[in-house]
Amino acid sequence: MTALLARFVSSRLFWPLVMLAVLLIIDVIAVPGFFAITIRDGNLYGSLIDILRNGAPTLIVAIGMTLVIATRGIDLSVGAVAAISGAVACSILLGSPDPGNPATVAVAIVVALLISLVLGVWNGFLVSVIGIQPIIATLILMTAGRGVAMLITEGQILTVTSPPFKALGSGFWLGIPIAVYVAAFVFVLAAVFTRRTALGMMIESVGINPEASRQAGIRARGLLFVVYTFSAVCAAIAGLILTANTMAADANNAALFIELDAILAVVIGGTSLAGGRYSLAGTLVGALVIQTLVTTVYTVGIPPIATMVFKAAVVTVVCLLQSPTTNQALASWRRSLAVRTGKGVASA
Amino acid sequence: MTTLLPAPAPTTGVSRKAPKGLGARIRDAFTSPKYGPVLVTAVLFVAVFVIGGIRYPGFLSGQVLLNLFVDNAYLIVLAVGMTFVILTGGIDLSVGAVVALSTMIAASLLQAGLPAAVVIPLILVATSALGLLVGLMIHYFKVQPFIATLAAMFLARGLCYVISQSSISITDPAFIALAVSRLPLGGGMSITWSVIIAVIVVAVAVWVLHRTRFGRTVYAIGGGEHSGMLMGLPVARTKVLVYVVSGFCSGLAGVLFTFYTLSGYPLTAIGTELDAIAAVVIGGTLLAGGYGFVLGSVLGVLVLGIIQTIITFEGTLSSWWTKIFIGVLLLVFIVLQRVLTARRR
């Protein structure tokens with residue numbers, strides 16, 4: 001039992017889960033009925049469902065980001081890609097005679113995803129072929145991408161009316177928000193493809209030591225193309241959900257700071273920015289922590305404007321807890337404790 | 001050309017004994033990873049300025065050039081701070097939010113009736129302290145610069161909203177006098193106090209980087225942190241200090257930005273960190289650290305400024321083209337750096 005507990009405490013998911021639990025407990029104390037889920041018109045409603053639905057775009061972006069970070073990279077352009085995909089979809093819907101037609105919506109979504117594919121390949125090209133540092137390579141698209149999105153919308157905020165498109169953002173299927181299904185699909189897809197095949201191991205290997213993995217026969221170049229493209233497609237999906245939520249494409253403010261939230265989710269989930277081992281489950285918990293944090297701020301009655309201060313506090317605390325310095329201090333403290341009680345060194 | 005400044009970083013160039021002709025020297029300068037990007041930026045700036053002069057009447061004037069400094073004084077100061085951080089191989093994402101925080105502190109304290117002489121030093125101390133915290137987090141807790149400065153960015157932006165959600169205008173007469181008074185230079189040209197401050201900051205930064213131990217350690221950390229440590233350089237202190245420098249510069253840039261807008265607004269200067277990073281990169285500083293000049297970053301700011309000016313003069317081009325142009329320029333310069341460093345290796 002103690003061994004199991006010790007394993008859990010030393011697991012990478014321990015601190016993020018503690019954080020999530022603390023936030024949820026605060027919520028329940030503030031609002032006793034926080035966990036209540038009601039059924040209206042056959043659809044589930046409640047704070048927990050809201051957390052899942054509103055957290056879906058961040059989670060989707062964060063899944064793509066996890067794989068990029070695992071290769072020792074980073075993708076700053078996801079917000080811009082999300083804005084572009086929203087802008088493309090909205091301008092196609094606006095340009096069509098019948099925006100309510102599901103076929104039109106399907107075309108809009110497919111075109112937006114294809115464009116994001118191109119953008120992802122572009123990032124992959126810069127990183128793997130030209131060999132630019134990922135943070136800078138994606139900075140280019142981050143800066144230029146919002147301009148491109150504005151070019152598509154011609155500086156306007158495009159508003160559309162299209163019930164099938166709206167369903168992507170705020171619709172339900174079998175009582176659960178469609179956005180949650182999309183996020184779950186992306187998560188399962190990433191998990192199956194990287195954990196049930198050798199892909200995940202290769203990604204980690206490239207992240208840990210690019211040179212050694214090259215000598216071991218791993219084609220890092222193709223792998224980088226895959227992860228950056230996947231990240232861009234994830235960003236586009238998130239952008240479509242966000243756009244469908246508001247039914248408006250705002251090139252300037254759509255998915256603003258989503259890259260930061262996504263990176264935070266990955267870091268909170270215990271994946272190191274230095275690349276290598278990654279945890280998709282950790283990213284899931286990280287994204288939930290971020291969304292729960294936002295919800296908590298609203299629930300507890302702190303002015304929503306202070307959300308960012310709290311985000312800063314959470315980031316700082318999680319980073320400090322995960323820092324090697326803290327871990328060393330904790331380890332030596334645990335050892336001295338163990339010696340004092342005469343139980344020997346805890347099996348960590 | 002090659003004798004601009006004493007080399008603080010080891011030159012990777014191939015040393016040839018034979019005396020060289022002017023042509024070969026110029027070619028060497030343009031293809032060196034150290035001077036090449038700066039020279040290309042300088043040529044680009046002059047070229048754009050001349051093309052603008054041919055295309056638009058009234059463009060090729062001293063005042064247009066001076067206005068580049070007047071309008072971008074705050075960005076120059078920001079880019080100077082960012083150069084220190086990037087030279088060590090770090091990055092500071094918090095500068096835009098810190099600028100916004102400075103405008104908010106300035107506006108709210110001046111509104112409360114404090115004199116400008118108290119408010120401005122207070123801002124500088126506060127932002128330097130924030131930089132110190134970030135630096136300590138990065139060095140002693142081994143938090144990635146990206147994440148630590150991201151947290152600082154959230155904190156600063158959040159504090160802006162806590163101070164006020166709406167714009168606060170500044171009515172303090174002394175502050176306004178300092179902000180709007182122009183110093184005539186003769187010939188109908190004039191500059192503002194912001195420009196003087198920015199120029200002083202640049203001069204001090206050049207001196208610190210090239211003439212002090214601190215500056216040499218900054219370059220050494222960028223060249224190889226571990227080697228620097230083995231050489232007995234004060235790596236820890238320097239690494240923390242560059243973030244203090246960046247924090248101080250962000251605070252000062254915030255004050256200059258307040259001079260420019262004469263108000264505090266929590267949503268102001270979003271994305272300024274990207275402009276500052278872009279200016280530093282276009283100015284020829286290698287993002288991996290080790291190579292780069294403060295004067296290059298100033299040139300980078302001027303290039304960004306002149307693009308903005310051209311778009312204003314053109315009239316028909318929409319503002320979003322600025323972002324696209326900056327992106328394209330970034331791409332060109334990064335590829336250029338890549339090619340130059342690869343050739344010399």
# chains A, B, ... in the order shown; residues from 1 in each chain; ligands from 1
>>> select_by_dssp(residues="stretch 48-287 of chain A", states="strand (DSSP E)", output="ChimeraX atom specification")
/A:158-159,172-173,176-177,248-249
>>> write_last_selection(atoms="N, CA and C atoms", output="mmCIF file, in the first residue's frame")
data_model
loop_
_atom_site.group_PDB
_atom_site.id
_atom_site.type_symbol
_atom_site.label_atom_id
_atom_site.label_comp_id
_atom_site.auth_asym_id
_atom_site.auth_seq_id
_atom_site.Cartn_x
_atom_site.Cartn_y
_atom_site.Cartn_z
ATOM 1 N N LEU A 158 -15.881 38.609 -39.599
ATOM 2 C CA LEU A 158 -16.903 37.959 -40.416
ATOM 3 C C LEU A 158 -17.867 37.214 -39.507
ATOM 4 N N THR A 159 -19.160 37.531 -39.608
ATOM 5 C CA THR A 159 -20.143 36.777 -38.851
ATOM 6 C C THR A 159 -20.975 35.951 -39.820
ATOM 7 N N PHE A 172 -24.873 19.452 -29.384
ATOM 8 C CA PHE A 172 -24.794 18.258 -28.539
ATOM 9 C C PHE A 172 -25.074 17.026 -29.389
ATOM 10 N N TRP A 173 -24.530 15.924 -29.003
ATOM 11 C CA TRP A 173 -24.874 14.651 -29.626
ATOM 12 C C TRP A 173 -24.936 13.620 -28.515
ATOM 13 N N ILE A 176 -23.990 14.940 -25.021
ATOM 14 C CA ILE A 176 -22.651 15.452 -24.695
ATOM 15 C C ILE A 176 -22.226 16.433 -25.790
ATOM 16 N N PRO A 177 -21.572 17.552 -25.421
ATOM 17 C CA PRO A 177 -21.170 18.543 -26.432
ATOM 18 C C PRO A 177 -20.295 17.920 -27.523
ATOM 19 N N ALA A 248 -18.185 33.805 -35.476
ATOM 20 C CA ALA A 248 -17.549 34.976 -36.065
ATOM 21 C C ALA A 248 -16.052 34.724 -36.170
ATOM 22 N N ALA A 249 -15.467 35.144 -37.278
ATOM 23 C CA ALA A 249 -14.025 35.015 -37.440
ATOM 24 C C ALA A 249 -13.383 36.361 -37.155
#
>>> residues_around(residues="stretch 55-60 of chain A", least_positions_apart="3", cutoff="7 Å", atoms="only C-alpha atoms", output="MDAnalysis selection string")
chainID A and resid 51:52 63:64 179:180 183 186 234 238 241:242 258 261:262 284 287:288 291
>>> interface_residues(of="chain B", to="chain A", cutoff="6 Å", atoms="only C-alpha atoms", output="list of chain:residue names")
B:Phe141, B:Ala151, B:Phe154, B:Leu155, B:Gly158, B:Tyr161, B:Trp320, B:Lys323, B:Ile324, B:Gly327
>>> residues_around(residues="stretch 180-197 of chain B", least_positions_apart="4", cutoff="8 Å", atoms="only C-alpha atoms", output="number ranges by chain")
B: 62-63, 66-67, 69-70, 73-74, 176, 201, 256, 259
>>> residues_around(residues="A:Gly286", least_positions_apart="3", cutoff="7 Å", atoms="only C-alpha atoms", output="list in words")
Pro16, Ala265, Val266, Ile268, Gly269, Gly282, Thr283, Val289 and Ile290 of chain A
>>> write_last_selection(atoms="C-alpha atoms", output="JSON list (two decimals), in the first residue's frame")
[["chain", "number", "residue", "atom", "x", "y", "z"],
["A", 16, "PRO", "CA", -1.05, 18.20, -11.63],
["A", 265, "ALA", "CA", -1.02, 22.53, -20.31],
["A", 266, "VAL", "CA", 1.87, 20.47, -21.63],
["A", 268, "ILE", "CA", 1.82, 21.31, -16.14],
["A", 269, "GLY", "CA", 1.28, 17.78, -17.42],
["A", 282, "GLY", "CA", -0.48, 14.63, -18.37],
["A", 283, "THR", "CA", -1.46, 17.07, -21.10],
["A", 289, "VAL", "CA", -6.28, 22.29, -14.72],
["A", 290, "ILE", "CA", -6.14, 25.43, -16.86]]
>>> atom_distance(atom1="atom CA of B:Gly36", atom2="atom CA of B:Gly21")
18.0 Å
>>> residues_around(residues="B:Leu60", least_positions_apart="6", cutoff="10 Å", atoms="only C-alpha atoms", output="PyMOL selection string")
chain B and resi 49-54
>>> select_by_dssp(residues="stretch 263-331 of chain B", states="alpha helix (DSSP H)", output="VMD selection string")
chain B and resid 272 to 282 294 to 314 320 to 331
>>> residues_around(residues="A:Val31", least_positions_apart="6", cutoff="12 Å", atoms="only C-alpha atoms", output="ChimeraX atom specification")
/A:24-25,47,295-296,298-301
>>> closest_residue(among="A:Gly169, A:Pro210, A:Gly124, A:Pro97", to="A:Ser77", atoms="only C-alpha atoms")
A:Gly124
>>> closest_residue(among="A:Arg7, A:Arg340, A:Arg335, A:Arg221", to="A:Ser128", atoms="only C-alpha atoms")
A:Arg221
>>> residues_around(residues="A:Ala236", least_positions_apart="3", cutoff="7 Å", atoms="only C-alpha atoms", output="ChimeraX atom specification")
/A:81-82,85,113,116,232-233,239-240
>>> atom_distance(atom1="atom CA of A:Gly79", atom2="atom CA of A:Val192")
25.7 Å
>>> closest_residue(among="A:Leu223, A:Leu174, A:Ala329, A:Leu5", to="A:Gly42", atoms="only C-alpha atoms")
A:Leu174
>>> atom_distance(atom1="atom CA of A:Val226", atom2="atom CA of A:Leu76")
16.4 Å
>>> closest_residue(among="A:Gln156, A:Glu211, A:Pro164, A:Met201", to="A:Ala103", atoms="only C-alpha atoms")
A:Pro164
